[in-house]
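Have a look at the structure below, then the notes.
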Amino acid sequence: MSKKQLLFPLISLIFFFKPVKVFIHTLLADSVYIPVLKAEKYVEEIFYFHREYSKLNELLLITMENIEEKNRREIFDLWKSGLDSTVIIARALYFDPFGQVQKITLDRGRDNGVRYGQPVVYRGSLVGKVYYTTDRLSFVMTLYNENFRVGITDRRTGVLGVLAGGIHPEVLYIPLWADVKPGDTLLTSGIGIIRGGIPVGVIEKVDSSSDFFYRIFVKPFWDFSATGLFGILR
Amino acid sequence: MNKKSFSLLILLLVSSAIRAKVTFIWLPDPVLIFLLPLIFHIDAKYVGPVALVSGILRDGLYIDIPWISPLLFTLAGTGAVIYRTFVNESLLLPRIAFFSTSIVLYYVAYLYANQLGISIDYLRAIVLTILFTTLVELWVRKS
């Protein structure tokens, strides 16, 4: 046995002195234990966030289901209680073009009672009308389609006009002496094949620069940025 | 130093650092489990540093407790080096006897220094530590 082997037990005796302990403790804490604790914290955080992520995902799923159910109920409540009309609930299959939608394909057709000319609503406001049906599908022309026309009336004054679809929907044939102003609510008039009383939009801007008729720009209630269940009114 | 001894050394350092933070008194002491077989399988000149470093890591977290592990481990290492010269190294039984003595003495000194009373948990820990140390020794001997 060499003297070196006795050296280390003698060295270990100095760790009974407080200043040496403090020095070693600080050194170890900074170099070994704090990195280990940090790593432990990171691992805990990863598990924590993973759990939270799963919880939020479940919550999101439940919320989405609730919202869909709520939309379905809203459409039913609005159109089954107040009006003598039944509503066919349909889901959108296709938007053409995507964005400012001009045509919508719905998953209900002649077999479900959908007919040409029936109005389509989304959360109680007018979306458009059915222009073509097959046995299982129906095709809707929306307010943003240039060929769309519907008779409307000002809810405040009862002034009649025709809503012409397009990128900026306009109201036609309202004379300059008629009482209309921005902010007025427009409803369908019931003149024509679409039933009356369906909310369409509000008057956004009134331009009186032409000779005989106003140029009235309308902001529809229907927000094409959101989708959900559509109602086809019989 | 072969591969198993090296892995034992790594396990010893890691378990020492963990043992300083996490303590279950009824479980065997992993530092002893890895240290005692290791000091028979490495060169005698490395025994002292390894025992000293693992002892410091073992007690180094808490400044208020007496740091007796560096002293006891280095003493155990020195004892092992002396013990090697007296007994046949290839036999298992002398080593188990050395392990058992070292572990019991370590626990007695540790409990006395920390003013902890003896309980059934510590007895269980002593027996389990001897058992696991023997198992690790058997594992290292196979190489």
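Letters A, B, ... mark the chains of the structure tokens in the order given; residue numbers begin at 1 per chain; ligand numbers begin at 1, in order shown.
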
Show me a table, sorted first by chain and then by increasing residue number, of the residues of chain A having an atom at most 9 Å from chain B, each with its shortest atom pair and the distance in Å to one decimal, counting only C-alpha atoms and written as JSON lines.
{"residue": "A:Met1", "atom": "CA", "partner": "B:Ile82", "partner_atom": "CA", "distance": 6.6}
{"residue": "A:Lys4", "atom": "CA", "partner": "B:Lys45", "partner_atom": "CA", "distance": 7.6}
{"residue": "A:Gln5", "atom": "CA", "partner": "B:Thr78", "partner_atom": "CA", "distance": 5.8}
{"residue": "A:Leu6", "atom": "CA", "partner": "B:Thr78", "partner_atom": "CA", "distance": 6.9}
{"residue": "A:Leu7", "atom": "CA", "partner": "B:Gly48", "partner_atom": "CA", "distance": 8.1}
{"residue": "A:Phe8", "atom": "CA", "partner": "B:Gly48", "partner_atom": "CA", "distance": 5.5}
{"residue": "A:Pro9", "atom": "CA", "partner": "B:Thr74", "partner_atom": "CA", "distance": 5.2}
{"residue": "A:Leu10", "atom": "CA", "partner": "B:Leu71", "partner_atom": "CA", "distance": 7.9}
{"residue": "A:Ile11", "atom": "CA", "partner": "B:Leu71", "partner_atom": "CA", "distance": 8.3}
{"residue": "A:Ser12", "atom": "CA", "partner": "B:Leu71", "partner_atom": "CA", "distance": 5.0}
{"residue": "A:Leu13", "atom": "CA", "partner": "B:Leu71", "partner_atom": "CA", "distance": 6.3}
{"residue": "A:Phe15", "atom": "CA", "partner": "B:Trp67", "partner_atom": "CA", "distance": 6.6}
{"residue": "A:Phe16", "atom": "CA", "partner": "B:Trp67", "partner_atom": "CA", "distance": 6.4}
{"residue": "A:Lys18", "atom": "CA", "partner": "B:Ile63", "partner_atom": "CA", "distance": 8.4}
{"residue": "A:Lys21", "atom": "CA", "partner": "B:Ile63", "partner_atom": "CA", "distance": 6.7}
{"residue": "A:Val22", "atom": "CA", "partner": "B:Ile63", "partner_atom": "CA", "distance": 6.9}
{"residue": "A:Ile24", "atom": "CA", "partner": "B:Gly60", "partner_atom": "CA", "distance": 7.3}
{"residue": "A:His25", "atom": "CA", "partner": "B:Gly60", "partner_atom": "CA", "distance": 5.7}
{"residue": "A:Leu28", "atom": "CA", "partner": "B:Gly60", "partner_atom": "CA", "distance": 7.0}
{"residue": "A:Ala29", "atom": "CA", "partner": "B:Leu61", "partner_atom": "CA", "distance": 7.0}
{"residue": "A:Val32", "atom": "CA", "partner": "B:Ala17", "partner_atom": "CA", "distance": 7.8}
{"residue": "A:Tyr33", "atom": "CA", "partner": "B:Ala17", "partner_atom": "CA", "distance": 7.4}
{"residue": "A:Val36", "atom": "CA", "partner": "B:Ala17", "partner_atom": "CA", "distance": 8.8}

Every residue of region 12-212 of chain A that DSSP places in alpha helix (DSSP H), as a ChimeraX atom specification
/A:12-13,18-28,34-76

Just C-alpha atoms for this one: save the residues we selected as a short mmCIF file (atom, residue, chain, number, x, y, z; two decimals), in the first residue's frame.
data_model
loop_
_atom_site.label_atom_id
_atom_site.label_comp_id
_atom_site.auth_asym_id
_atom_site.auth_seq_id
_atom_site.Cartn_x
_atom_site.Cartn_y
_atom_site.Cartn_z
CA SER A 12 -11.73 14.20 3.19
CA LEU A 13 -11.24 15.46 6.75
CA LYS A 18 -17.48 25.05 7.43
CA PRO A 19 -15.75 27.40 4.89
CA VAL A 20 -14.61 24.43 2.81
CA LYS A 21 -18.12 23.02 2.93
CA VAL A 22 -19.58 26.33 1.84
CA PHE A 23 -17.12 26.59 -1.03
CA ILE A 24 -17.73 23.03 -2.22
CA HIS A 25 -21.47 23.44 -1.75
CA THR A 26 -21.53 26.60 -3.88
CA LEU A 27 -19.38 24.96 -6.53
CA LEU A 28 -21.58 21.87 -6.69
CA ILE A 34 -28.81 23.75 -10.49
CA PRO A 35 -28.50 22.34 -14.04
CA VAL A 36 -30.10 19.12 -12.79
CA LEU A 37 -32.92 21.09 -11.14
CA LYS A 38 -33.41 23.16 -14.28
CA ALA A 39 -33.59 20.02 -16.40
CA GLU A 40 -36.08 18.57 -13.94
CA LYS A 41 -38.16 21.73 -14.19
CA TYR A 42 -38.10 21.62 -17.98
CA VAL A 43 -39.22 18.01 -17.99
CA GLU A 44 -42.02 18.83 -15.56
CA GLU A 45 -43.05 21.76 -17.73
CA ILE A 46 -43.12 19.58 -20.83
CA PHE A 47 -45.43 17.10 -19.09
CA TYR A 48 -47.54 19.95 -17.70
CA PHE A 49 -47.99 21.57 -21.10
CA HIS A 50 -48.71 18.23 -22.68
CA ARG A 51 -51.52 17.67 -20.16
CA GLU A 52 -52.83 21.19 -20.66
CA TYR A 53 -52.73 20.76 -24.44
CA SER A 54 -54.80 17.58 -24.19
CA LYS A 55 -57.28 19.26 -21.87
CA LEU A 56 -57.65 22.29 -24.15
CA ASN A 57 -58.12 20.06 -27.17
CA GLU A 58 -60.94 18.23 -25.42
CA LEU A 59 -62.44 21.55 -24.35
CA LEU A 60 -62.23 22.88 -27.89
CA LEU A 61 -63.95 19.80 -29.24
CA ILE A 62 -66.76 20.09 -26.68
CA THR A 63 -67.11 23.81 -27.37
CA MET A 64 -67.32 23.27 -31.12
CA GLU A 65 -69.98 20.62 -30.64
CA ASN A 66 -71.90 22.97 -28.34
CA ILE A 67 -71.70 25.82 -30.84
CA GLU A 68 -72.97 23.60 -33.64
CA GLU A 69 -75.82 22.39 -31.47
CA LYS A 70 -76.61 25.97 -30.50
CA ASN A 71 -76.70 27.06 -34.15
CA ARG A 72 -79.02 24.20 -34.97
CA ARG A 73 -81.32 25.16 -32.10
CA GLU A 74 -81.26 28.85 -33.05
CA ILE A 75 -82.41 28.13 -36.59
CA PHE A 76 -85.11 25.79 -35.36
#

Find the distance between CA of Asn145 (chain A) and CA of Gly197 (chain A) and write it in Å to one decimal.
21.2 Å

Could you find all residues in region 60-232 of chain A that DSSP calls strand (DSSP E) from the backbone, and write them as a PyMOL selection string?
chain A and resi 87-96+103-106+119-122+125-133+138-142+149-154+160-164+170-172+185-188+199-207+215-220+229-232

Selection near region 117-123 of chain B, 8 Å with only C-alpha atoms, sequence-local residues under 4 positions removed, as a PDB file with all heavy atoms, in the first residue's frame:
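This is the output file out.pdb:
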ATOM      1  N   ILE B  25     -35.742   6.328   2.823  1.00  0.00           N
ATOM      2  CA  ILE B  25     -34.912   5.639   3.813  1.00  0.00           C
ATOM      3  C   ILE B  25     -35.106   4.134   3.763  1.00  0.00           C
ATOM      4  O   ILE B  25     -34.232   3.385   4.188  1.00  0.00           O
ATOM      5  CB  ILE B  25     -35.184   6.167   5.243  1.00  0.00           C
ATOM      6  CG1 ILE B  25     -36.675   6.040   5.595  1.00  0.00           C
ATOM      7  CG2 ILE B  25     -34.715   7.580   5.397  1.00  0.00           C
ATOM      8  CD1 ILE B  25     -36.949   6.303   7.058  1.00  0.00           C
ATOM      9  N   TRP B  26     -36.227   3.670   3.227  1.00  0.00           N
ATOM     10  CA  TRP B  26     -36.449   2.223   3.199  1.00  0.00           C
ATOM     11  C   TRP B  26     -35.843   1.556   1.958  1.00  0.00           C
ATOM     12  O   TRP B  26     -35.848   0.351   1.830  1.00  0.00           O
ATOM     13  CB  TRP B  26     -37.938   1.904   3.290  1.00  0.00           C
ATOM     14  CG  TRP B  26     -38.734   2.469   2.147  1.00  0.00           C
ATOM     15  CD1 TRP B  26     -38.975   1.871   0.967  1.00  0.00           C
ATOM     16  CD2 TRP B  26     -39.342   3.746   2.071  1.00  0.00           C
ATOM     17  NE1 TRP B  26     -39.710   2.687   0.155  1.00  0.00           N
ATOM     18  CE2 TRP B  26     -39.955   3.851   0.814  1.00  0.00           C
ATOM     19  CE3 TRP B  26     -39.437   4.838   2.950  1.00  0.00           C
ATOM     20  CZ2 TRP B  26     -40.640   4.983   0.419  1.00  0.00           C
ATOM     21  CZ3 TRP B  26     -40.130   5.954   2.554  1.00  0.00           C
ATOM     22  CH2 TRP B  26     -40.714   6.009   1.302  1.00  0.00           C
ATOM     23  N   LEU B 111     -25.927   7.128  10.699  1.00  0.00           N
ATOM     24  CA  LEU B 111     -27.056   7.370  11.607  1.00  0.00           C
ATOM     25  C   LEU B 111     -26.593   8.092  12.867  1.00  0.00           C
ATOM     26  O   LEU B 111     -27.288   8.985  13.376  1.00  0.00           O
ATOM     27  CB  LEU B 111     -27.736   6.044  11.970  1.00  0.00           C
ATOM     28  CG  LEU B 111     -28.392   5.284  10.821  1.00  0.00           C
ATOM     29  CD1 LEU B 111     -28.952   3.961  11.309  1.00  0.00           C
ATOM     30  CD2 LEU B 111     -29.497   6.119  10.207  1.00  0.00           C
ATOM     31  N   TYR B 112     -25.415   7.731  13.346  1.00  0.00           N
ATOM     32  CA  TYR B 112     -24.898   8.370  14.556  1.00  0.00           C
ATOM     33  C   TYR B 112     -24.577   9.844  14.285  1.00  0.00           C
ATOM     34  O   TYR B 112     -24.926  10.723  15.070  1.00  0.00           O
ATOM     35  CB  TYR B 112     -23.649   7.622  15.031  1.00  0.00           C
ATOM     36  CG  TYR B 112     -23.027   8.237  16.250  1.00  0.00           C
ATOM     37  CD1 TYR B 112     -23.612   8.071  17.518  1.00  0.00           C
ATOM     38  CD2 TYR B 112     -21.863   9.010  16.162  1.00  0.00           C
ATOM     39  CE1 TYR B 112     -23.060   8.653  18.642  1.00  0.00           C
ATOM     40  CE2 TYR B 112     -21.310   9.602  17.281  1.00  0.00           C
ATOM     41  CZ  TYR B 112     -21.915   9.419  18.516  1.00  0.00           C
ATOM     42  OH  TYR B 112     -21.383  10.008  19.618  1.00  0.00           O
ATOM     43  N   VAL B 127     -30.085  -4.434   4.644  1.00  0.00           N
ATOM     44  CA  VAL B 127     -30.156  -5.772   4.040  1.00  0.00           C
ATOM     45  C   VAL B 127     -30.275  -5.664   2.520  1.00  0.00           C
ATOM     46  O   VAL B 127     -29.580  -6.367   1.764  1.00  0.00           O
ATOM     47  CB  VAL B 127     -31.366  -6.545   4.633  1.00  0.00           C
ATOM     48  CG1 VAL B 127     -31.560  -7.857   3.891  1.00  0.00           C
ATOM     49  CG2 VAL B 127     -31.162  -6.802   6.107  1.00  0.00           C
TER      50      VAL B 127
END

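Closest to Tyr106 (chain B) among B:Leu36, B:Leu138, B:Leu27, B:Leu9 is B:Leu36, based on only C-alpha atoms.
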
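For Asp207 (chain A), the list of residues within 12 Å, based on only C-alpha atoms and with local chain neighbours fewer than 2 positions off taken out, reads Glu170, Val171, Leu172, Ile174, Pro175, Leu176, Val180, Lys181, Pro182, Ile203, Glu204, Lys205, Ser209, Ser210, Asp211, Phe212, Phe213, Tyr214, Arg215, Ile216, Phe217 and Val218 of chain A.
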
Let me make sure I understand: among A:Met141, A:Ile198, A:Val162, A:Ile167, which one has the smallest atom-to-atom distance to Gly128 (chain A) if we use only C-alpha atoms?
A:Met141

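Each of A:Arg136, A:Arg234, A:Arg115, A:Lys3 was compared to Ile88 (chain A) using only C-alpha atoms, and A:Arg234 turns out to be the nearest.
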
Name all residues at most 10 Å from region 149-157 of chain A (count only C-alpha atoms; drop same-chain ones fewer than 3 positions away) and give them as an NGL selection string.
:A and (119 or 128-129 or 141-143 or 145-146 or 160-166 or 169-172 or 178-181 or 184-203)

One decimal place gives the CA of Phe224 (chain A)-CA of Val130 (chain A) separation as 16.9 Å

Under the rule that only C-alpha atoms are counted, which of B:Gln115, B:Tyr107, B:Leu131, B:His41 is the nearest residue to Lys4 (chain B)?
B:His41
